[in-house]
$ cat query.cif   # mmCIF, C-alpha atoms and all ligand atoms
data_structure
loop_
_atom_site.group_PDB
_atom_site.id
_atom_site.type_symbol
_atom_site.label_atom_id
_atom_site.label_comp_id
_atom_site.auth_asym_id
_atom_site.auth_seq_id
_atom_site.Cartn_x
_atom_site.Cartn_y
_atom_site.Cartn_z
ATOM 1 C CA MET A 17 166.784 169.015 147.884
ATOM 2 C CA THR A 18 170.227 167.802 148.822
ATOM 3 C CA GLY A 19 171.503 164.311 149.576
ATOM 4 C CA ALA A 20 170.951 165.033 153.284
ATOM 5 C CA ASP A 21 167.174 165.264 152.643
ATOM 6 C CA LEU A 22 166.930 161.807 151.074
ATOM 7 C CA ASP A 23 165.578 159.885 154.104
ATOM 8 C CA GLU A 24 162.805 162.424 154.735
ATOM 9 C CA VAL A 25 161.863 162.570 151.050
ATOM 10 C CA MET A 26 161.752 158.756 150.856
ATOM 11 C CA VAL A 27 159.232 158.616 153.742
ATOM 12 C CA ILE A 28 156.895 160.879 151.725
ATOM 13 C CA GLU A 29 157.560 159.014 148.456
ATOM 14 C CA ARG A 30 156.723 155.628 150.039
ATOM 15 C CA ALA A 31 153.551 156.978 151.651
ATOM 16 C CA ALA A 32 152.412 158.604 148.400
ATOM 17 C CA PHE A 33 152.964 155.922 145.737
ATOM 18 C CA ARG A 34 152.222 152.221 145.370
ATOM 19 C CA HIS A 35 155.368 151.888 143.253
ATOM 20 C CA PRO A 36 157.777 154.361 144.866
ATOM 21 C CA TRP A 37 161.034 155.421 143.283
ATOM 22 C CA SER A 38 164.167 153.935 144.873
ATOM 23 C CA PRO A 39 166.627 156.130 146.814
ATOM 24 C CA GLU A 40 169.067 155.415 143.972
ATOM 25 C CA LEU A 41 166.729 157.062 141.447
ATOM 26 C CA PHE A 42 166.499 160.177 143.630
ATOM 27 C CA ARG A 43 170.293 160.268 143.978
ATOM 28 C CA ARG A 44 170.603 160.104 140.208
ATOM 29 C CA GLU A 45 168.162 163.005 139.786
ATOM 30 C CA LEU A 46 170.264 165.103 142.155
ATOM 31 C CA GLU A 47 173.238 164.638 139.830
ATOM 32 C CA HIS A 48 171.510 165.656 136.592
ATOM 33 C CA ASP A 49 172.035 169.297 135.602
ATOM 34 C CA TRP A 50 168.586 169.428 134.009
ATOM 35 C CA SER A 51 166.766 168.050 137.045
ATOM 36 C CA THR A 52 165.560 169.985 140.102
ATOM 37 C CA ILE A 53 163.884 168.649 143.222
ATOM 38 C CA LEU A 54 162.076 171.311 145.230
ATOM 39 C CA VAL A 55 161.231 170.560 148.851
ATOM 40 C CA ALA A 56 158.512 172.292 150.856
ATOM 41 C CA VAL A 57 159.486 172.672 154.504
ATOM 42 C CA GLU A 58 157.563 173.384 157.670
ATOM 43 C CA PRO A 59 159.378 175.273 160.437
ATOM 44 C CA LEU A 60 159.523 173.495 163.797
ATOM 45 C CA THR A 61 160.364 175.086 167.126
ATOM 46 C CA SER A 62 161.628 172.882 169.931
ATOM 47 C CA ALA A 63 161.070 173.531 173.676
ATOM 48 C CA SER A 64 164.512 175.152 173.749
ATOM 49 C CA GLY A 65 163.291 177.632 171.166
ATOM 50 C CA ARG A 66 165.822 176.385 168.635
ATOM 51 C CA GLY A 67 164.392 176.291 165.141
ATOM 52 C CA SER A 68 164.552 173.398 162.723
ATOM 53 C CA GLU A 69 162.377 172.273 159.849
ATOM 54 C CA ARG A 70 160.841 169.176 158.352
ATOM 55 C CA ILE A 71 160.064 168.323 154.758
ATOM 56 C CA VAL A 72 156.327 168.072 154.043
ATOM 57 C CA GLY A 73 156.359 167.684 150.255
ATOM 58 C CA PHE A 74 158.509 167.713 147.143
ATOM 59 C CA LEU A 75 158.317 168.198 143.389
ATOM 60 C CA ILE A 76 160.719 166.980 140.701
ATOM 61 C CA TYR A 77 160.991 168.759 137.371
ATOM 62 C CA TRP A 78 163.245 168.703 134.351
ATOM 63 C CA LEU A 79 164.153 171.779 132.356
ATOM 64 C CA VAL A 80 165.060 170.726 128.803
ATOM 65 C CA HIS A 81 165.318 173.404 126.105
ATOM 66 C CA ASP A 82 162.172 175.489 126.482
ATOM 67 C CA GLU A 83 160.108 172.853 128.288
ATOM 68 C CA VAL A 84 159.612 172.134 131.972
ATOM 69 C CA HIS A 85 158.406 168.578 132.598
ATOM 70 C CA ILE A 86 157.016 167.746 136.038
ATOM 71 C CA LEU A 87 157.918 164.151 136.906
ATOM 72 C CA ASN A 88 156.622 163.818 140.418
ATOM 73 C CA VAL A 89 154.848 165.789 143.126
ATOM 74 C CA ALA A 90 153.966 164.391 146.531
ATOM 75 C CA VAL A 91 152.899 165.675 149.936
ATOM 76 C CA GLY A 92 152.996 163.746 153.229
ATOM 77 C CA PRO A 93 149.507 162.377 154.023
ATOM 78 C CA GLU A 94 149.183 164.399 157.238
ATOM 79 C CA HIS A 95 150.041 167.640 155.421
ATOM 80 C CA ARG A 96 147.585 167.423 152.533
ATOM 81 C CA ARG A 97 144.858 169.941 151.641
ATOM 82 C CA LYS A 98 146.864 172.796 153.138
ATOM 83 C CA GLY A 99 148.192 174.228 149.897
ATOM 84 C CA VAL A 100 151.620 172.538 149.932
ATOM 85 C CA ALA A 101 151.319 171.118 146.394
ATOM 86 C CA CYS A 102 149.917 174.456 145.275
ATOM 87 C CA THR A 103 153.021 176.214 146.604
ATOM 88 C CA LEU A 104 155.328 173.719 144.859
ATOM 89 C CA MET A 105 153.453 174.036 141.548
ATOM 90 C CA GLY A 106 153.508 177.836 141.806
ATOM 91 C CA GLU A 107 157.236 177.920 142.490
ATOM 92 C CA THR A 108 157.894 175.557 139.562
ATOM 93 C CA GLU A 109 155.923 177.824 137.265
ATOM 94 C CA ARG A 110 157.780 180.885 138.531
ATOM 95 C CA ARG A 111 161.094 179.186 137.800
ATOM 96 C CA ALA A 112 159.898 177.998 134.383
ATOM 97 C CA HIS A 113 158.969 181.566 133.549
ATOM 98 C CA GLN A 114 162.286 182.886 134.788
ATOM 99 C CA ALA A 115 164.145 180.317 132.646
ATOM 100 C CA GLY A 116 162.212 181.474 129.569
ATOM 101 C CA ALA A 117 160.376 178.148 129.170
ATOM 102 C CA ALA A 118 157.407 178.117 126.793
ATOM 103 C CA LEU A 119 155.706 174.951 127.969
ATOM 104 C CA LEU A 120 154.966 173.022 131.159
ATOM 105 C CA THR A 121 154.113 169.335 130.697
ATOM 106 C CA LEU A 122 153.238 166.349 132.881
ATOM 107 C CA GLU A 123 151.555 162.950 132.878
ATOM 108 C CA VAL A 124 148.995 161.824 135.414
ATOM 109 C CA ARG A 125 147.126 158.579 136.070
ATOM 110 C CA ARG A 126 143.581 158.683 134.787
ATOM 111 C CA SER A 127 142.296 157.659 138.264
ATOM 112 C CA ASN A 128 144.273 160.257 140.239
ATOM 113 C CA GLN A 129 141.435 162.650 141.000
ATOM 114 C CA ALA A 130 143.371 164.769 143.519
ATOM 115 C CA ALA A 131 146.252 165.391 141.107
ATOM 116 C CA LEU A 132 143.906 166.031 138.150
ATOM 117 C CA GLU A 133 142.067 168.669 140.208
ATOM 118 C CA LEU A 134 145.351 170.231 141.285
ATOM 119 C CA TYR A 135 146.596 170.522 137.681
ATOM 120 C CA ARG A 136 143.246 171.856 136.450
ATOM 121 C CA ASP A 137 143.419 174.533 139.155
ATOM 122 C CA PHE A 138 146.688 175.596 137.522
ATOM 123 C CA ASP A 139 145.046 175.680 134.064
ATOM 124 C CA TYR A 140 146.799 172.629 132.630
ATOM 125 C CA ARG A 141 144.933 171.206 129.620
ATOM 126 C CA ALA A 142 144.550 167.504 128.860
ATOM 127 C CA VAL A 143 145.962 167.053 125.349
ATOM 128 C CA GLY A 144 146.270 163.300 124.993
ATOM 129 C CA VAL A 145 146.281 159.840 126.474
ATOM 130 C CA ARG A 146 149.149 157.369 126.652
ATOM 131 C CA PRO A 147 147.324 154.024 126.816
ATOM 132 C CA ASN A 148 148.668 151.524 129.344
ATOM 133 C CA TYR A 149 151.469 153.931 130.309
ATOM 134 C CA TYR A 150 151.646 152.667 133.907
ATOM 135 C CA VAL A 151 152.256 149.043 132.987
ATOM 136 C CA ASP A 152 151.961 147.652 136.540
ATOM 137 C CA GLU A 153 148.243 148.409 136.704
ATOM 138 C CA GLY A 154 147.701 148.781 132.978
ATOM 139 C CA GLU A 155 146.513 152.325 133.621
ATOM 140 C CA ASP A 156 146.389 155.133 131.057
ATOM 141 C CA ALA A 157 148.273 158.395 131.503
ATOM 142 C CA ILE A 158 146.616 161.695 130.725
ATOM 143 C CA VAL A 159 149.104 164.089 129.131
ATOM 144 C CA MET A 160 148.624 167.669 130.290
ATOM 145 C CA VAL A 161 150.267 170.894 129.152
ATOM 146 C CA LYS A 162 150.298 174.554 129.976
ATOM 147 C CA GLU A 163 151.725 177.185 127.663
ATOM 148 C CA LEU A 164 153.612 180.059 129.253
ATOM 149 C CA LYS A 165 153.297 183.484 127.764
ATOM 150 C CA HIS A 166 156.203 185.890 127.723
ATOM 151 C CA PRO A 167 155.888 189.598 126.949
ATOM 152 C CA ARG A 168 157.477 190.399 123.568
HETATM 153 C C1 LIG B 201 148.080 165.295 144.687
HETATM 154 C C2 LIG B 201 148.774 165.857 145.943
HETATM 155 C C3 LIG B 201 150.233 166.141 145.584
HETATM 156 C C4 LIG B 201 148.066 167.166 146.361
HETATM 157 O O1 LIG B 201 148.796 167.755 147.437
HETATM 158 P P1 LIG B 201 148.122 168.783 148.484
HETATM 159 O O2 LIG B 201 149.227 169.517 149.164
HETATM 160 O O3 LIG B 201 147.162 168.081 149.334
HETATM 161 O O4 LIG B 201 147.347 169.775 147.497
HETATM 162 P P2 LIG B 201 146.871 171.269 147.862
HETATM 163 O O5 LIG B 201 146.444 171.347 149.282
HETATM 164 O O6 LIG B 201 147.896 172.231 147.398
HETATM 165 O O7 LIG B 201 145.567 171.351 146.938
HETATM 166 C C5 LIG B 201 145.478 172.173 145.792
HETATM 167 C C6 LIG B 201 144.223 171.803 145.025
HETATM 168 O O8 LIG B 201 144.340 170.495 144.452
HETATM 169 C C7 LIG B 201 143.065 169.836 144.469
HETATM 170 N N1 LIG B 201 143.103 168.681 145.379
HETATM 171 C C8 LIG B 201 144.112 168.331 146.225
HETATM 172 N N2 LIG B 201 143.782 167.182 146.875
HETATM 173 C C9 LIG B 201 142.575 166.813 146.431
HETATM 174 C C10 LIG B 201 141.703 165.718 146.719
HETATM 175 N N3 LIG B 201 142.052 164.769 147.618
HETATM 176 N N4 LIG B 201 140.531 165.631 146.042
HETATM 177 C C11 LIG B 201 140.164 166.568 145.131
HETATM 178 N N5 LIG B 201 140.930 167.650 144.831
HETATM 179 C C12 LIG B 201 142.117 167.765 145.475
HETATM 180 C C13 LIG B 201 142.069 170.857 144.994
HETATM 181 O O9 LIG B 201 141.563 171.578 143.884
HETATM 182 C C14 LIG B 201 142.975 171.729 145.870
HETATM 183 O O10 LIG B 201 142.459 173.012 146.097
HETATM 184 P P3 LIG B 201 141.474 173.244 147.354
HETATM 185 O O11 LIG B 201 142.116 172.597 148.549
HETATM 186 O O12 LIG B 201 141.397 174.736 147.431
HETATM 187 O O13 LIG B 201 140.188 172.578 146.970
HETATM 188 C C15 LIG B 201 148.681 164.865 147.146
HETATM 189 O O14 LIG B 201 147.347 164.419 147.282
HETATM 190 C C16 LIG B 201 149.588 163.660 147.027
HETATM 191 O O15 LIG B 201 150.747 163.681 147.446
HETATM 192 N N6 LIG B 201 149.075 162.541 146.448
HETATM 193 C C17 LIG B 201 149.846 161.323 146.298
HETATM 194 C C18 LIG B 201 150.936 161.472 145.251
HETATM 195 C C19 LIG B 201 150.374 161.814 143.879
HETATM 196 O O16 LIG B 201 149.390 161.236 143.437
HETATM 197 N N7 LIG B 201 151.038 162.778 143.189
HETATM 198 C C20 LIG B 201 150.616 163.250 141.885
HETATM 199 C C21 LIG B 201 151.035 162.390 140.769
HETATM 200 S S1 LIG B 201 152.736 162.598 140.298
#
$ encode --input "query.cif" --output "structure tokens"
Amino acid sequence: MTGADLDEVMVIERAAFRHPWSPELFRRELEHDWSTILVAVEPLTSASGRGSERIVGFLIYWLVHDEVHILNVAVGPEHRRKGVACTLMGETERRAHQAGAALLTLEVRRSNQAALELYRDFDYRAVGVRPNYYVDEGEDAIVMVKELKHPR
């Protein structure tokens, strides 16, 4: 993601979350060395045949020491169940591996069935609960991890 993608990413963020991040928060992420925002794009072809693309989903992760922490993943409502999140999760894991990371971590709302299924598909394990983590709704967070193996 670059600053030029912000408006498109914000449309997805606002459609995906009851308490969306502000554009300012995204701008700050773009400045952090340890933060990466991946965007998934769909190619579009206009009547003139000229190609362009639109953003259909994004994923934010931090790489700190040997740990990749996924902060946020979202896909536009009309683009769901087509493997977009799967692609973003796969690419994050590939990059984590390449960076020599040992662990992938994330937190997810207890009620977020779609996200829980997605993370289970990728073999994340629930290792704990942070009670009342999402203070707005008083909802618990499930902490999930996945260890990465590297050949010795
Ligand atoms: C969670 C989310 C990112 C999934 O995106 P997606 O592109 O639709 O996911 P994919 O198509 O790659 O699905 C991969 C797998 O996740 C699981 N999954 C995705 N959506 C699901 C749903 N609504 N119900 C149950 N399982 C679901 C399935 O196992 C799916 O595999 P399948 O389609 O072969 O059954 C999307 O629903 C979303 O943006 N939700 C709102 C934001 C959010 O809650 N983000 C996660 C918390 S940070």
$ atom_distance --input "query.cif" --atom1 "atom CA of A:Glu163" --atom2 "atom CA of A:Glu109"
10.5 Å
$ resolve_selection --input "query.cif" --expression "the PyMOL selection byres (((chain A and resi 27-41) around 9) and not hetatm)" --output "ChimeraX atom specification"
/A:22-26,42-46,71-74,90-93,152
$ write_last_selection --input "query.cif" --atoms "C-alpha atoms" --output "CSV table (one decimal), in the coordinates of the input"
chain,number,residue,atom,x,y,z
A,22,LEU,CA,166.9,161.8,151.1
A,23,ASP,CA,165.6,159.9,154.1
A,24,GLU,CA,162.8,162.4,154.7
A,25,VAL,CA,161.9,162.6,151.0
A,26,MET,CA,161.8,158.8,150.9
A,42,PHE,CA,166.5,160.2,143.6
A,43,ARG,CA,170.3,160.3,144.0
A,44,ARG,CA,170.6,160.1,140.2
A,45,GLU,CA,168.2,163.0,139.8
A,46,LEU,CA,170.3,165.1,142.2
A,71,ILE,CA,160.1,168.3,154.8
A,72,VAL,CA,156.3,168.1,154.0
A,73,GLY,CA,156.4,167.7,150.3
A,74,PHE,CA,158.5,167.7,147.1
A,90,ALA,CA,154.0,164.4,146.5
A,91,VAL,CA,152.9,165.7,149.9
A,92,GLY,CA,153.0,163.7,153.2
A,93,PRO,CA,149.5,162.4,154.0
A,152,ASP,CA,152.0,147.7,136.5
$ closest_atom_pairs --input "query.cif" --of "chain A" --to "ligand LIG 201 (chain B)" --cutoff "7 Å" --atoms "all atoms listed in the file" --output "tab-separated table"
residue	atom	partner	partner_atom	distance
A:Ala32	CA	B:LIG201	C17	4.3
A:Phe33	CA	B:LIG201	C18	5.9
A:Leu87	CA	B:LIG201	S1	6.4
A:Asn88	CA	B:LIG201	S1	4.1
A:Val89	CA	B:LIG201	S1	4.8
A:Ala90	CA	B:LIG201	O15	3.4
A:Val91	CA	B:LIG201	O15	3.8
A:Gly92	CA	B:LIG201	O15	6.2
A:Pro93	CA	B:LIG201	O15	6.8
A:His95	CA	B:LIG201	O2	6.6
A:Arg96	CA	B:LIG201	O3	3.3
A:Arg97	CA	B:LIG201	O5	3.2
A:Lys98	CA	B:LIG201	O5	4.1
A:Gly99	CA	B:LIG201	O6	3.2
A:Val100	CA	B:LIG201	O2	3.9
A:Ala101	CA	B:LIG201	O6	3.7
A:Cys102	CA	B:LIG201	O6	3.7
A:Thr103	CA	B:LIG201	O6	6.5
A:Val124	CA	B:LIG201	C21	5.8
A:Asn128	CA	B:LIG201	O16	6.1
A:Gln129	CA	B:LIG201	C11	5.8
A:Ala130	CA	B:LIG201	C9	3.6
A:Ala131	CA	B:LIG201	C1	4.0
A:Glu133	CA	B:LIG201	C7	4.5
A:Leu134	CA	B:LIG201	O8	3.3
A:Asp137	CA	B:LIG201	O9	5.9
$ atom_distance --input "query.cif" --atom1 "atom CA of A:Ser51" --atom2 "atom CA of A:Leu164"
19.4 Å
$ atom_distance --input "query.cif" --atom1 "atom CA of A:Leu75" --atom2 "atom CA of A:Pro167"
27.1 Å
$ closest_residue --input "query.cif" --among "A:Ala63, A:Ile76, A:Ala157, A:Leu120" --to "A:Arg141" --atoms "only C-alpha atoms"
A:Leu120
$ closest_residue --input "query.cif" --among "A:Asn148, A:Thr52, A:Thr18, A:Ser127" --to "A:Val80" --atoms "only C-alpha atoms"
A:Thr52
$ residues_around --input "query.cif" --residues "A:Arg146" --least-positions-apart "3" --cutoff "7 Å" --atoms "only C-alpha atoms" --output "list in words"
Tyr149, Asp156, Ala157 and Ile158 of chain A
$ resolve_selection --input "query.cif" --expression "the PyMOL selection byres (((chain A and resi 84) around 9) and not hetatm)" --output "NGL selection string"
:A and (77-83 or 85-86 or 108-109 or 112 or 117-122)
$ axis_aligned_box --input "query.cif" --around "stretch 24-35 of chain A" --padding-each-side "3 Å" --output "lines of an AutoDock Vina configuration file"
center_x = 157.5
center_y = 157.2
center_z = 149.0
size_x = 16.6
size_y = 16.7
size_z = 17.5
$ resolve_selection --input "query.cif" --expression "the PyMOL selection byres (((chain A and resi 143) around 8) and not hetatm)" --output "PDB file with C-alpha atoms, in the frame of the given file"
ATOM      1  CA  ARG A 141     144.933 171.206 129.620  1.00  0.00           C
ATOM      2  CA  ALA A 142     144.550 167.504 128.860  1.00  0.00           C
ATOM      3  CA  GLY A 144     146.270 163.300 124.993  1.00  0.00           C
ATOM      4  CA  VAL A 145     146.281 159.840 126.474  1.00  0.00           C
ATOM      5  CA  ILE A 158     146.616 161.695 130.725  1.00  0.00           C
ATOM      6  CA  VAL A 159     149.104 164.089 129.131  1.00  0.00           C
ATOM      7  CA  MET A 160     148.624 167.669 130.290  1.00  0.00           C
ATOM      8  CA  VAL A 161     150.267 170.894 129.152  1.00  0.00           C
TER       9      VAL A 161
END
$ closest_residue --input "query.cif" --among "A:Arg125, A:Ala115, A:Leu132, A:Gly106" --to "A:Trp50" --atoms "only C-alpha atoms"
A:Ala115
